[in-house]
file start-v1.cif (mmCIF, C-alpha atoms)
data_target
#
loop_
_atom_site.group_PDB
_atom_site.id
_atom_site.type_symbol
_atom_site.label_atom_id
_atom_site.label_comp_id
_atom_site.auth_asym_id
_atom_site.auth_seq_id
_atom_site.Cartn_x
_atom_site.Cartn_y
_atom_site.Cartn_z
ATOM 1 C CA ASP Y 1 70.717 -25.561 68.045
ATOM 2 C CA THR Y 2 74.154 -24.959 69.550
ATOM 3 C CA GLY Y 3 74.396 -28.039 71.763
ATOM 4 C CA VAL Y 4 76.833 -30.940 71.499
ATOM 5 C CA SER Y 5 76.136 -33.118 68.475
ATOM 6 C CA GLN Y 6 77.311 -36.629 67.679
ATOM 7 C CA ASP Y 7 77.273 -38.614 64.470
ATOM 8 C CA PRO Y 8 76.131 -41.253 63.784
ATOM 9 C CA ARG Y 9 73.457 -41.825 66.413
ATOM 10 C CA HIS Y 10 73.483 -45.565 65.804
ATOM 11 C CA LYS Y 11 76.088 -47.864 64.306
ATOM 12 C CA ILE Y 12 75.811 -51.588 63.711
ATOM 13 C CA THR Y 13 78.971 -53.334 62.618
ATOM 14 C CA LYS Y 14 80.442 -56.785 62.377
ATOM 15 C CA ARG Y 15 83.189 -57.947 64.671
ATOM 16 C CA GLY Y 16 86.591 -57.063 63.310
ATOM 17 C CA GLN Y 17 85.477 -53.952 61.423
ATOM 18 C CA ASN Y 18 86.710 -50.437 62.157
ATOM 19 C CA VAL Y 19 84.294 -47.682 63.172
ATOM 20 C CA THR Y 20 84.677 -43.936 63.631
ATOM 21 C CA PHE Y 21 82.444 -41.590 65.576
ATOM 22 C CA ARG Y 22 82.362 -37.815 65.440
ATOM 23 C CA CYS Y 23 81.604 -35.248 68.124
ATOM 24 C CA ASP Y 24 80.990 -31.543 67.539
ATOM 25 C CA PRO Y 25 81.230 -29.689 70.855
ATOM 26 C CA ILE Y 26 79.705 -26.349 71.742
ATOM 27 C CA SER Y 27 81.846 -23.925 69.767
ATOM 28 C CA GLU Y 28 83.388 -21.914 72.613
ATOM 29 C CA HIS Y 29 84.184 -24.960 74.756
ATOM 30 C CA ASN Y 30 87.887 -25.817 74.858
ATOM 31 C CA ARG Y 31 87.496 -29.022 76.901
ATOM 32 C CA LEU Y 32 86.113 -32.211 75.370
ATOM 33 C CA TYR Y 33 85.497 -35.589 76.991
ATOM 34 C CA TRP Y 34 84.599 -39.054 75.714
ATOM 35 C CA TYR Y 35 82.738 -41.541 77.912
ATOM 36 C CA ARG Y 36 81.446 -45.051 77.400
ATOM 37 C CA GLN Y 37 78.161 -46.227 78.896
ATOM 38 C CA THR Y 38 77.150 -49.883 78.959
ATOM 39 C CA LEU Y 39 73.689 -51.159 79.850
ATOM 40 C CA GLY Y 40 72.832 -50.639 83.497
ATOM 41 C CA GLN Y 41 75.971 -48.639 84.237
ATOM 42 C CA GLY Y 42 76.887 -45.020 84.553
ATOM 43 C CA PRO Y 43 79.186 -43.426 81.984
ATOM 44 C CA GLU Y 44 82.886 -44.252 82.327
ATOM 45 C CA PHE Y 45 85.584 -41.791 81.323
ATOM 46 C CA LEU Y 46 87.666 -42.648 78.263
ATOM 47 C CA THR Y 47 89.700 -39.602 77.283
ATOM 48 C CA TYR Y 48 90.013 -35.823 77.585
ATOM 49 C CA PHE Y 49 91.125 -33.042 75.256
ATOM 50 C CA GLN Y 50 91.994 -29.472 76.069
ATOM 51 C CA ASN Y 51 91.933 -27.673 72.742
ATOM 52 C CA GLU Y 52 93.763 -30.049 70.368
ATOM 53 C CA ALA Y 53 95.868 -31.740 73.039
ATOM 54 C CA GLN Y 54 94.849 -35.137 74.365
ATOM 55 C CA LEU Y 55 95.791 -34.742 78.017
ATOM 56 C CA GLU Y 56 94.381 -37.822 79.679
ATOM 57 C CA LYS Y 57 93.474 -41.358 78.691
ATOM 58 C CA SER Y 58 91.729 -43.932 80.835
ATOM 59 C CA ARG Y 59 93.086 -47.444 81.072
ATOM 60 C CA LEU Y 60 89.761 -48.410 79.471
ATOM 61 C CA LEU Y 61 91.114 -46.935 76.245
ATOM 62 C CA SER Y 62 92.901 -49.956 74.805
ATOM 63 C CA ASP Y 63 95.331 -49.672 71.901
ATOM 64 C CA ARG Y 64 92.445 -50.426 69.519
ATOM 65 C CA PHE Y 65 90.945 -47.054 70.417
ATOM 66 C CA SER Y 66 92.255 -43.752 69.158
ATOM 67 C CA ALA Y 67 90.883 -40.255 69.515
ATOM 68 C CA GLU Y 68 91.769 -37.003 67.846
ATOM 69 C CA ARG Y 69 90.730 -33.393 68.004
ATOM 70 C CA PRO Y 70 92.411 -31.605 65.109
ATOM 71 C CA LYS Y 71 92.401 -27.820 65.374
ATOM 72 C CA GLY Y 72 90.675 -28.039 68.723
ATOM 73 C CA SER Y 73 87.203 -28.201 67.221
ATOM 74 C CA PHE Y 74 85.414 -31.478 66.468
ATOM 75 C CA SER Y 75 86.719 -34.791 67.758
ATOM 76 C CA THR Y 76 86.737 -38.315 66.384
ATOM 77 C CA LEU Y 77 86.890 -41.617 68.214
ATOM 78 C CA GLU Y 78 87.997 -44.631 66.200
ATOM 79 C CA ILE Y 79 87.748 -48.237 67.272
ATOM 80 C CA GLN Y 80 89.784 -50.716 65.254
ATOM 81 C CA ARG Y 81 89.036 -54.437 65.012
ATOM 82 C CA THR Y 82 85.802 -54.099 66.958
ATOM 83 C CA GLU Y 83 84.841 -56.759 69.483
ATOM 84 C CA GLN Y 84 81.428 -57.621 70.899
ATOM 85 C CA GLY Y 85 82.530 -56.132 74.210
ATOM 86 C CA ASP Y 86 82.804 -52.746 72.519
ATOM 87 C CA SER Y 87 79.008 -52.590 72.204
ATOM 88 C CA ALA Y 88 77.966 -49.570 74.231
ATOM 89 C CA MET Y 89 76.779 -45.989 74.076
ATOM 90 C CA TYR Y 90 79.663 -43.593 73.409
ATOM 91 C CA LEU Y 91 79.026 -40.160 74.879
ATOM 92 C CA CYS Y 92 80.813 -36.927 74.146
ATOM 93 C CA ALA Y 93 80.728 -33.923 76.453
ATOM 94 C CA SER Y 94 82.199 -30.451 76.289
ATOM 95 C CA ARG Y 95 82.877 -27.766 78.838
ATOM 96 C CA ALA Y 96 84.226 -24.240 79.018
ATOM 97 C CA GLY Y 97 87.419 -23.638 80.965
ATOM 98 C CA SER Y 98 86.106 -22.325 84.280
ATOM 99 C CA SER Y 99 85.980 -24.787 87.168
ATOM 100 C CA TYR Y 100 82.351 -23.948 87.825
ATOM 101 C CA ASN Y 101 81.192 -24.836 84.350
ATOM 102 C CA GLU Y 102 79.219 -27.990 83.789
ATOM 103 C CA GLN Y 103 79.802 -30.576 81.119
ATOM 104 C CA PHE Y 104 77.218 -30.582 78.346
ATOM 105 C CA PHE Y 105 76.548 -33.987 76.869
ATOM 106 C CA GLY Y 106 75.715 -35.011 73.341
ATOM 107 C CA PRO Y 107 73.013 -37.568 72.502
ATOM 108 C CA GLY Y 108 75.566 -40.363 72.139
ATOM 109 C CA THR Y 109 76.406 -42.941 69.490
ATOM 110 C CA ARG Y 110 75.031 -46.398 70.187
ATOM 111 C CA LEU Y 111 77.393 -49.055 68.842
ATOM 112 C CA THR Y 112 76.282 -52.637 68.316
ATOM 113 C CA VAL Y 113 78.945 -55.156 67.344
ATOM 114 C CA LEU Y 114 77.537 -58.378 65.899
ATOM 115 C CA ALA D 1 90.647 -43.636 93.627
ATOM 116 C CA GLN D 2 87.376 -41.834 93.911
ATOM 117 C CA THR D 3 84.173 -43.863 93.803
ATOM 118 C CA VAL D 4 80.481 -43.025 93.665
ATOM 119 C CA THR D 5 77.808 -45.404 94.929
ATOM 120 C CA GLN D 6 74.080 -45.272 94.275
ATOM 121 C CA SER D 7 72.448 -48.010 96.303
ATOM 122 C CA GLN D 8 68.945 -47.732 94.822
ATOM 123 C CA PRO D 9 68.761 -49.246 91.324
ATOM 124 C CA GLU D 10 65.075 -48.283 91.032
ATOM 125 C CA MET D 11 62.699 -45.935 92.817
ATOM 126 C CA SER D 12 59.051 -45.118 92.312
ATOM 127 C CA VAL D 13 57.048 -42.070 93.359
ATOM 128 C CA GLN D 14 53.460 -40.941 93.020
ATOM 129 C CA GLU D 15 52.888 -37.801 90.997
ATOM 130 C CA ALA D 16 52.994 -34.672 93.208
ATOM 131 C CA GLU D 17 54.793 -36.560 95.995
ATOM 132 C CA THR D 18 58.392 -36.215 97.171
ATOM 133 C CA VAL D 19 61.189 -38.700 96.587
ATOM 134 C CA THR D 20 64.803 -38.841 97.741
ATOM 135 C CA LEU D 21 67.591 -40.516 95.784
ATOM 136 C CA SER D 22 70.713 -41.562 97.686
ATOM 137 C CA CYS D 23 74.367 -41.195 96.762
ATOM 138 C CA THR D 24 77.567 -41.767 98.686
ATOM 139 C CA TYR D 25 81.093 -41.154 97.495
ATOM 140 C CA ASP D 26 84.629 -41.747 98.580
ATOM 141 C CA THR D 27 87.503 -39.316 98.153
ATOM 142 C CA SER D 28 90.524 -38.038 100.001
ATOM 143 C CA GLU D 29 90.275 -34.656 98.283
ATOM 144 C CA SER D 30 88.873 -31.584 99.998
ATOM 145 C CA ASP D 31 88.046 -29.529 96.909
ATOM 146 C CA TYR D 32 85.530 -31.077 94.563
ATOM 147 C CA TYR D 33 82.115 -30.799 92.941
ATOM 148 C CA LEU D 34 79.142 -33.123 93.092
ATOM 149 C CA PHE D 35 76.418 -33.320 90.476
ATOM 150 C CA TRP D 36 73.108 -34.958 89.758
ATOM 151 C CA TYR D 37 72.458 -35.639 86.074
ATOM 152 C CA LYS D 38 69.174 -36.764 84.535
ATOM 153 C CA GLN D 39 69.071 -39.083 81.512
ATOM 154 C CA PRO D 40 65.550 -39.464 80.080
ATOM 155 C CA PRO D 41 64.918 -42.519 77.882
ATOM 156 C CA SER D 42 66.675 -42.124 74.524
ATOM 157 C CA ARG D 43 67.559 -38.534 75.300
ATOM 158 C CA GLN D 44 70.761 -36.824 76.294
ATOM 159 C CA MET D 45 72.003 -36.327 79.784
ATOM 160 C CA ILE D 46 71.296 -32.974 81.389
ATOM 161 C CA LEU D 47 72.496 -31.389 84.596
ATOM 162 C CA VAL D 48 69.937 -31.200 87.390
ATOM 163 C CA ILE D 49 71.929 -29.632 90.195
ATOM 164 C CA ARG D 50 75.518 -29.120 91.378
ATOM 165 C CA GLN D 51 77.173 -28.682 94.780
ATOM 166 C CA GLU D 52 80.593 -27.245 95.512
ATOM 167 C CA ALA D 53 82.223 -29.061 98.406
ATOM 168 C CA TYR D 54 83.447 -25.912 100.114
ATOM 169 C CA LYS D 55 79.913 -24.543 100.376
ATOM 170 C CA GLN D 56 78.038 -25.715 103.438
ATOM 171 C CA GLN D 57 74.691 -24.507 102.143
ATOM 172 C CA ASN D 58 72.741 -27.141 100.256
ATOM 173 C CA ALA D 59 72.069 -26.345 96.595
ATOM 174 C CA THR D 60 68.490 -25.836 95.395
ATOM 175 C CA GLU D 61 67.064 -25.584 91.878
ATOM 176 C CA ASN D 62 63.299 -25.127 91.863
ATOM 177 C CA ARG D 63 61.786 -28.519 92.857
ATOM 178 C CA PHE D 64 65.214 -30.135 93.206
ATOM 179 C CA SER D 65 67.364 -29.866 96.306
ATOM 180 C CA VAL D 66 70.272 -31.751 97.795
ATOM 181 C CA ASN D 67 71.292 -32.840 101.266
ATOM 182 C CA PHE D 68 75.078 -32.593 101.264
ATOM 183 C CA GLN D 69 76.787 -34.154 104.268
ATOM 184 C CA LYS D 70 80.517 -33.701 103.664
ATOM 185 C CA ALA D 71 81.763 -35.584 106.704
ATOM 186 C CA ALA D 72 79.529 -38.540 105.887
ATOM 187 C CA LYS D 73 80.350 -38.238 102.162
ATOM 188 C CA SER D 74 76.683 -38.312 101.346
ATOM 189 C CA PHE D 75 74.878 -36.376 98.607
ATOM 190 C CA SER D 76 71.172 -37.139 98.249
ATOM 191 C CA LEU D 77 68.718 -35.572 95.790
ATOM 192 C CA LYS D 78 65.209 -34.608 96.827
ATOM 193 C CA ILE D 79 62.574 -34.094 94.156
ATOM 194 C CA SER D 80 59.465 -32.303 95.415
ATOM 195 C CA ASP D 81 56.060 -32.230 93.691
ATOM 196 C CA SER D 82 57.163 -35.010 91.322
ATOM 197 C CA GLN D 83 55.987 -34.700 87.730
ATOM 198 C CA LEU D 84 55.609 -37.309 84.994
ATOM 199 C CA GLY D 85 58.489 -35.661 83.147
ATOM 200 C CA ASP D 86 60.815 -36.451 86.052
ATOM 201 C CA ALA D 87 60.825 -40.125 85.058
ATOM 202 C CA ALA D 88 64.393 -40.914 84.003
ATOM 203 C CA MET D 89 67.711 -42.389 85.062
ATOM 204 C CA TYR D 90 69.433 -40.200 87.617
ATOM 205 C CA PHE D 91 73.187 -40.309 87.979
ATOM 206 C CA CYS D 92 75.231 -38.936 90.817
ATOM 207 C CA ALA D 93 78.667 -37.737 89.710
ATOM 208 C CA TYR D 94 81.883 -36.497 91.311
ATOM 209 C CA ARG D 95 84.569 -34.220 89.950
ATOM 210 C CA ASP D 96 87.683 -33.191 91.809
ATOM 211 C CA GLU D 97 89.547 -30.012 91.092
ATOM 212 C CA GLY D 98 92.978 -30.716 92.482
ATOM 213 C CA GLY D 99 95.106 -31.046 89.355
ATOM 214 C CA SER D 100 92.773 -33.395 87.514
ATOM 215 C CA GLN D 101 91.365 -32.742 84.095
ATOM 216 C CA GLY D 102 87.842 -32.485 85.362
ATOM 217 C CA ASN D 103 86.390 -35.765 84.148
ATOM 218 C CA LEU D 104 83.282 -36.978 85.931
ATOM 219 C CA ILE D 105 83.045 -40.182 87.955
ATOM 220 C CA PHE D 106 79.515 -41.550 87.881
ATOM 221 C CA GLY D 107 77.489 -43.906 90.004
ATOM 222 C CA LYS D 108 75.491 -46.710 88.395
ATOM 223 C CA GLY D 109 72.305 -44.680 88.417
ATOM 224 C CA THR D 110 68.807 -44.865 89.851
ATOM 225 C CA LYS D 111 65.834 -45.412 87.579
ATOM 226 C CA LEU D 112 62.961 -43.213 88.753
ATOM 227 C CA SER D 113 59.398 -44.025 87.787
ATOM 228 C CA VAL D 114 56.577 -41.551 88.371
ATOM 229 C CA LYS D 115 53.070 -42.953 88.759
ATOM 230 C CA PRO D 116 50.087 -40.813 87.693
#

call {"tool": "encode", "arguments": {"input": "start-v1.cif", "output": "structure tokens"}}
result
Amino acid sequence: DTGVSQDPRHKITKRGQNVTFRCDPISEHNRLYWYRQTLGQGPEFLTYFQNEAQLEKSRLLSDRFSAERPKGSFSTLEIQRTEQGDSAMYLCASRAGSSYNEQFFGPGTRLTVL
Amino acid sequence: AQTVTQSQPEMSVQEAETVTLSCTYDTSESDYYLFWYKQPPSRQMILVIRQEAYKQQNATENRFSVNFQKAAKSFSLKISDSQLGDAAMYFCAYRDEGGSQGNLIFGKGTKLSVKP
């Protein structure tokens, strides 16, 4: 399967702990996006990478959040000092460079902060 | 800032019937894309159909078609011959092309139920 993959699929953590999620995009896609989806809402944009460069960050991405994409391949999203409000589904999507191309989504990582 | 509004939190349709999901958006851009994504329960989001704003012709993909009204900023999805597998959350999404990085702006979604 050559789709977008995310790991882990589920994460339960205690408030104050750090968590890290991984996204493996479709291999030829140079653009990678992170979104957050809370219950009853549509996904909200968090950050965008083109190759290894992080080119855009939403104001939703507080200083407790950091994302990387070393070597322009997989990406990680780390949340430090988790809060209950961080509980959500974190979605990763990738896209090839052409304007016409759609974003392909991964299955998401569901985070529960106790 | 661009916004996307889906005014129907839930819709229901009888199998084999037709249903229309509504979406309106707000933008000052002239060059953009609109999308409908489907998110089945516990499964990943997949693209249903896309519309380029500069094209006047409404997009069609098999049983799925859109009614794109650019002046009214309306983008509805029609599902014909509804099937049980169509049951899912449907999200309308906007993406502008004028210098942005191409991130999607989503509505809150419409939950579609299909009755056998």

call {"tool": "atom_distance", "arguments": {"input": "start-v1.cif", "atom1": "atom CA of D:Lys70", "atom2": "atom CA of Y:Tyr35"}}
result
27.0 Å

call {"tool": "closest_residue", "arguments": {"input": "start-v1.cif", "among": "D:Leu77, D:Met11, D:Val19, D:Cys92", "to": "D:Phe64", "atoms": "all atoms listed in the file"}}
result
D:Leu77

call {"tool": "resolve_selection", "arguments": {"input": "start-v1.cif", "expression": "the PyMOL selection byres ((chain Y and resi 16) around 7)", "output": "ChimeraX atom specification"}}
result
/Y:14-15,17-18,81-83

call {"tool": "resolve_selection", "arguments": {"input": "start-v1.cif", "expression": "the PyMOL selection byres ((chain D and resi 39) around 6)", "output": "tab-separated table (two decimals) with C-alpha atoms, in the frame of the given file"}}
result
chain	number	residue	atom	x	y	z
D	38	LYS	CA	69.17	-36.76	84.54
D	40	PRO	CA	65.55	-39.46	80.08
D	44	GLN	CA	70.76	-36.82	76.29
D	45	MET	CA	72.00	-36.33	79.78
D	88	ALA	CA	64.39	-40.91	84.00
D	89	MET	CA	67.71	-42.39	85.06

call {"tool": "interface_residues", "arguments": {"input": "start-v1.cif", "of": "chain D", "to": "chain Y", "cutoff": "12 Å", "atoms": "only C-alpha atoms", "output": "short mmCIF file (atom, residue, chain, number, x, y, z; two decimals) with C-alpha atoms, in the coordinates of the input"}}
result
data_model
loop_
_atom_site.label_atom_id
_atom_site.label_comp_id
_atom_site.auth_asym_id
_atom_site.auth_seq_id
_atom_site.Cartn_x
_atom_site.Cartn_y
_atom_site.Cartn_z
CA THR D 3 84.17 -43.86 93.80
CA VAL D 4 80.48 -43.02 93.66
CA THR D 5 77.81 -45.40 94.93
CA GLN D 6 74.08 -45.27 94.28
CA PRO D 9 68.76 -49.25 91.32
CA GLU D 10 65.08 -48.28 91.03
CA ASP D 31 88.05 -29.53 96.91
CA TYR D 32 85.53 -31.08 94.56
CA TYR D 33 82.12 -30.80 92.94
CA LEU D 34 79.14 -33.12 93.09
CA PHE D 35 76.42 -33.32 90.48
CA TRP D 36 73.11 -34.96 89.76
CA TYR D 37 72.46 -35.64 86.07
CA LYS D 38 69.17 -36.76 84.54
CA GLN D 39 69.07 -39.08 81.51
CA PRO D 40 65.55 -39.46 80.08
CA PRO D 41 64.92 -42.52 77.88
CA SER D 42 66.68 -42.12 74.52
CA ARG D 43 67.56 -38.53 75.30
CA GLN D 44 70.76 -36.82 76.29
CA MET D 45 72.00 -36.33 79.78
CA ILE D 46 71.30 -32.97 81.39
CA LEU D 47 72.50 -31.39 84.60
CA VAL D 48 69.94 -31.20 87.39
CA ILE D 49 71.93 -29.63 90.20
CA ARG D 50 75.52 -29.12 91.38
CA GLN D 51 77.17 -28.68 94.78
CA GLU D 52 80.59 -27.24 95.51
CA ALA D 53 82.22 -29.06 98.41
CA MET D 89 67.71 -42.39 85.06
CA TYR D 90 69.43 -40.20 87.62
CA PHE D 91 73.19 -40.31 87.98
CA CYS D 92 75.23 -38.94 90.82
CA ALA D 93 78.67 -37.74 89.71
CA TYR D 94 81.88 -36.50 91.31
CA ARG D 95 84.57 -34.22 89.95
CA ASP D 96 87.68 -33.19 91.81
CA GLU D 97 89.55 -30.01 91.09
CA GLY D 98 92.98 -30.72 92.48
CA GLY D 99 95.11 -31.05 89.36
CA SER D 100 92.77 -33.40 87.51
CA GLN D 101 91.36 -32.74 84.10
CA GLY D 102 87.84 -32.48 85.36
CA ASN D 103 86.39 -35.76 84.15
CA LEU D 104 83.28 -36.98 85.93
CA ILE D 105 83.04 -40.18 87.96
CA PHE D 106 79.52 -41.55 87.88
CA GLY D 107 77.49 -43.91 90.00
CA LYS D 108 75.49 -46.71 88.40
CA GLY D 109 72.31 -44.68 88.42
CA THR D 110 68.81 -44.86 89.85
CA LYS D 111 65.83 -45.41 87.58
#

call {"tool": "residues_near_point", "arguments": {"input": "start-v1.cif", "point": "(93.0, -28.1, 71.1)", "cutoff": "6 Å", "atoms": "all atoms listed in the file", "output": "list in words"}}
result
Gln50, Asn51, Glu52, Ala53, Lys71 and Gly72 of chain Y

call {"tool": "closest_residue", "arguments": {"input": "start-v1.cif", "among": "D:Lys78, D:Gln8, D:Pro116, D:Ala72", "to": "D:Asn58", "atoms": "all atoms listed in the file"}}
result
D:Lys78

call {"tool": "atom_distance", "arguments": {"input": "start-v1.cif", "atom1": "atom CA of Y:Lys11", "atom2": "atom CA of Y:Glu68"}}
result
19.4 Å

call {"tool": "atom_distance", "arguments": {"input": "start-v1.cif", "atom1": "atom CA of Y:Val113", "atom2": "atom CA of Y:Val19"}}
result
10.1 Å
